[in-house]
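S.K.: Structure incoming, see below.
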Amino acid sequence: AQRVTQPEKLLSVFKGAPVELKCNYSYSGSPELFWYVQYSRQRLQLLLRHISRESIKGFTADLNKGETSFHLKKPFAQEEDSAMYYCALSEGETSGSRLTFGEGTQLTVNP
Amino acid sequence: GAVVSQHPSWVICKSGTSVKIECRSLDFQATTMFWYRQFPKQSLMLMATSNEGSKATYEQGVEKDKFLINHASLTLSTLTVTSAHPEDSSFYICSARGGLKNSPLHFGNGTRLTVT
């Protein structure tokens, strides 16, 4: 069965510092990985997905199949990045179907 | 952009009653909708996958007779929690996906259900 693990429930950094939110997965097939973000009092929204290989709001994530990881990184954190971040895995043929979520990491960026 | 509206945002009901939660895609047709449940400080757990015009597919351990899902149109799916009990108190979130390949998921704002 597929599983997504985010080892850090809480992560606190200072503004301007680099940040890395860890995500590891287990899945026997060829997964699609996503990062979702939930800002305070807002709905969950897609941040980025590995097939797009893009940078959103300065965040990037590289799928490492050897290490089965999809860590989210940003070189210089901003206060507005404070939010709950969820790593998710899709096992479907089309992107976005049946997501398995990690437990989430609450990121706090201090001034 | 695409918006998913979920209603109500919160509801309090008595044990034994039923509660209906609506999930609407406002500006796109959602061939597939997903219902999640989230306990405090825990992750989202998929409950069921709802396909327009067909029966929902429930995840293992989810009682289909207790959590009735109806996806009668391309813009509306409903989740009815029947004979609710305090242990059903949770945060329920729906998400919807359009019919195009690689369509992203859009999430509703969630419904906080409290059963007294």
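Chains: A, B, ... in order of the structure tokens. Residues: from 1 per chain. Ligands: from 1, in order shown.
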Leaving out stretch 56-59 of chain A and any residue of its chain fewer than 2 positions from it, which residues lie within 7 Å of it when counting only C-alpha atoms, given as a ChimeraX atom specification?
M.R.: /A:47-48,54,61,72-74
S.K.: Go ahead and save the residues from that selection, with N, CA, C and O atoms, as an mmCIF file, in the first residue's frame.
M.R.:
```cif
data_model
loop_
_atom_site.group_PDB
_atom_site.id
_atom_site.type_symbol
_atom_site.label_atom_id
_atom_site.label_comp_id
_atom_site.auth_asym_id
_atom_site.auth_seq_id
_atom_site.Cartn_x
_atom_site.Cartn_y
_atom_site.Cartn_z
ATOM 1 N N LEU A 47 0.271 23.483 -4.476
ATOM 2 C CA LEU A 47 1.451 24.335 -4.574
ATOM 3 C C LEU A 47 2.250 23.955 -5.818
ATOM 4 O O LEU A 47 2.521 24.796 -6.669
ATOM 5 N N LEU A 48 2.624 22.692 -5.888
ATOM 6 C CA LEU A 48 3.314 22.246 -7.095
ATOM 7 C C LEU A 48 3.245 20.730 -7.202
ATOM 8 O O LEU A 48 2.893 20.034 -6.254
ATOM 9 N N GLU A 54 8.264 22.819 -11.928
ATOM 10 C CA GLU A 54 8.261 24.271 -11.921
ATOM 11 C C GLU A 54 8.524 24.792 -10.522
ATOM 12 O O GLU A 54 8.501 24.046 -9.550
ATOM 13 N N ALA A 61 10.650 21.313 -5.765
ATOM 14 C CA ALA A 61 10.704 19.970 -5.189
ATOM 15 C C ALA A 61 11.135 19.019 -6.290
ATOM 16 O O ALA A 61 10.595 19.070 -7.390
ATOM 17 N N LEU A 72 10.473 19.488 -0.243
ATOM 18 C CA LEU A 72 10.125 20.836 -0.706
ATOM 19 C C LEU A 72 11.161 21.818 -0.176
ATOM 20 O O LEU A 72 11.461 21.822 1.019
ATOM 21 N N LYS A 73 11.668 22.650 -1.073
ATOM 22 C CA LYS A 73 12.748 23.545 -0.681
ATOM 23 C C LYS A 73 12.488 24.975 -1.128
ATOM 24 O O LYS A 73 11.843 25.204 -2.152
ATOM 25 N N LYS A 74 13.006 25.892 -0.333
ATOM 26 C CA LYS A 74 12.989 27.300 -0.705
ATOM 27 C C LYS A 74 14.253 27.926 -0.128
ATOM 28 O O LYS A 74 14.536 27.763 1.051
#
```
S.K.: Using only C-alpha atoms, determine which residues lie at most 7 Å from B:Val3, disregarding the query and same-chain residues fewer than 6 positions distant; provide the list as a VMD selection string.
M.R.: chain B and resid 25 to 27 106
S.K.: Can you tell me, as number ranges by chain, what residues are no more than 12 Å from B:Gln29 when counting only C-alpha atoms, ignoring any on the same chain fewer than 6 positions away?
M.R.: B: 2-4, 51-52, 71, 73-77, 96-100, 103, 106
S.K.: Contacts from chain B to chain A, 7 Å maximum, only C-alpha atoms: show me the residue list as an NGL selection string.
M.R.: :B and (42-44 or 101-109)
S.K.: Could you write out, as a PyMOL selection string, all the residues of chain A that DSSP marks as strand (DSSP E or B)?
M.R.: chain A and resi 3-5+10-14+19-21+24-26+32-38+45-49+56+59-61+64+69+72-74+83-90+99-101+105-110
S.K.: Interatomic distance between atom CA of B:Val115 and atom CA of B:Tyr92?
M.R.: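 Taking atom CA of B:Val115 as the start and atom CA of B:Tyr92 as the end point, the length is 13.1 Å.
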S.K.: Quote the spacing between atom CA of B:Cys94 and atom CA of A:Val109 in Å to one decimal place.
M.R.: 28.9 Å
S.K.: With distances taken over only C-alpha atoms, which residue among B:Phe28, B:Glu22, B:Ser90, B:Gln38 lies nearest B:Ile69?
M.R.: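 Among B:Phe28, B:Glu22, B:Ser90, B:Gln38, it is B:Glu22 that comes nearest to B:Ile69.
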S.K.: Report, in Å to a single decimal, how far apart atom CA of A:Ser30 and atom CA of A:Leu107 are.
M.R.: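 A separation of 28.5 Å between them.
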S.K.: Skipping near chain neighbours, those fewer than 3 positions away, what residues fall within 12 Å of A:Leu21 using only C-alpha atoms, listed as an MDAnalysis selection string?
M.R.: chainID A and resid 5:13 18 24 35:37 59:62 69:75 77 83:87 102 104:108
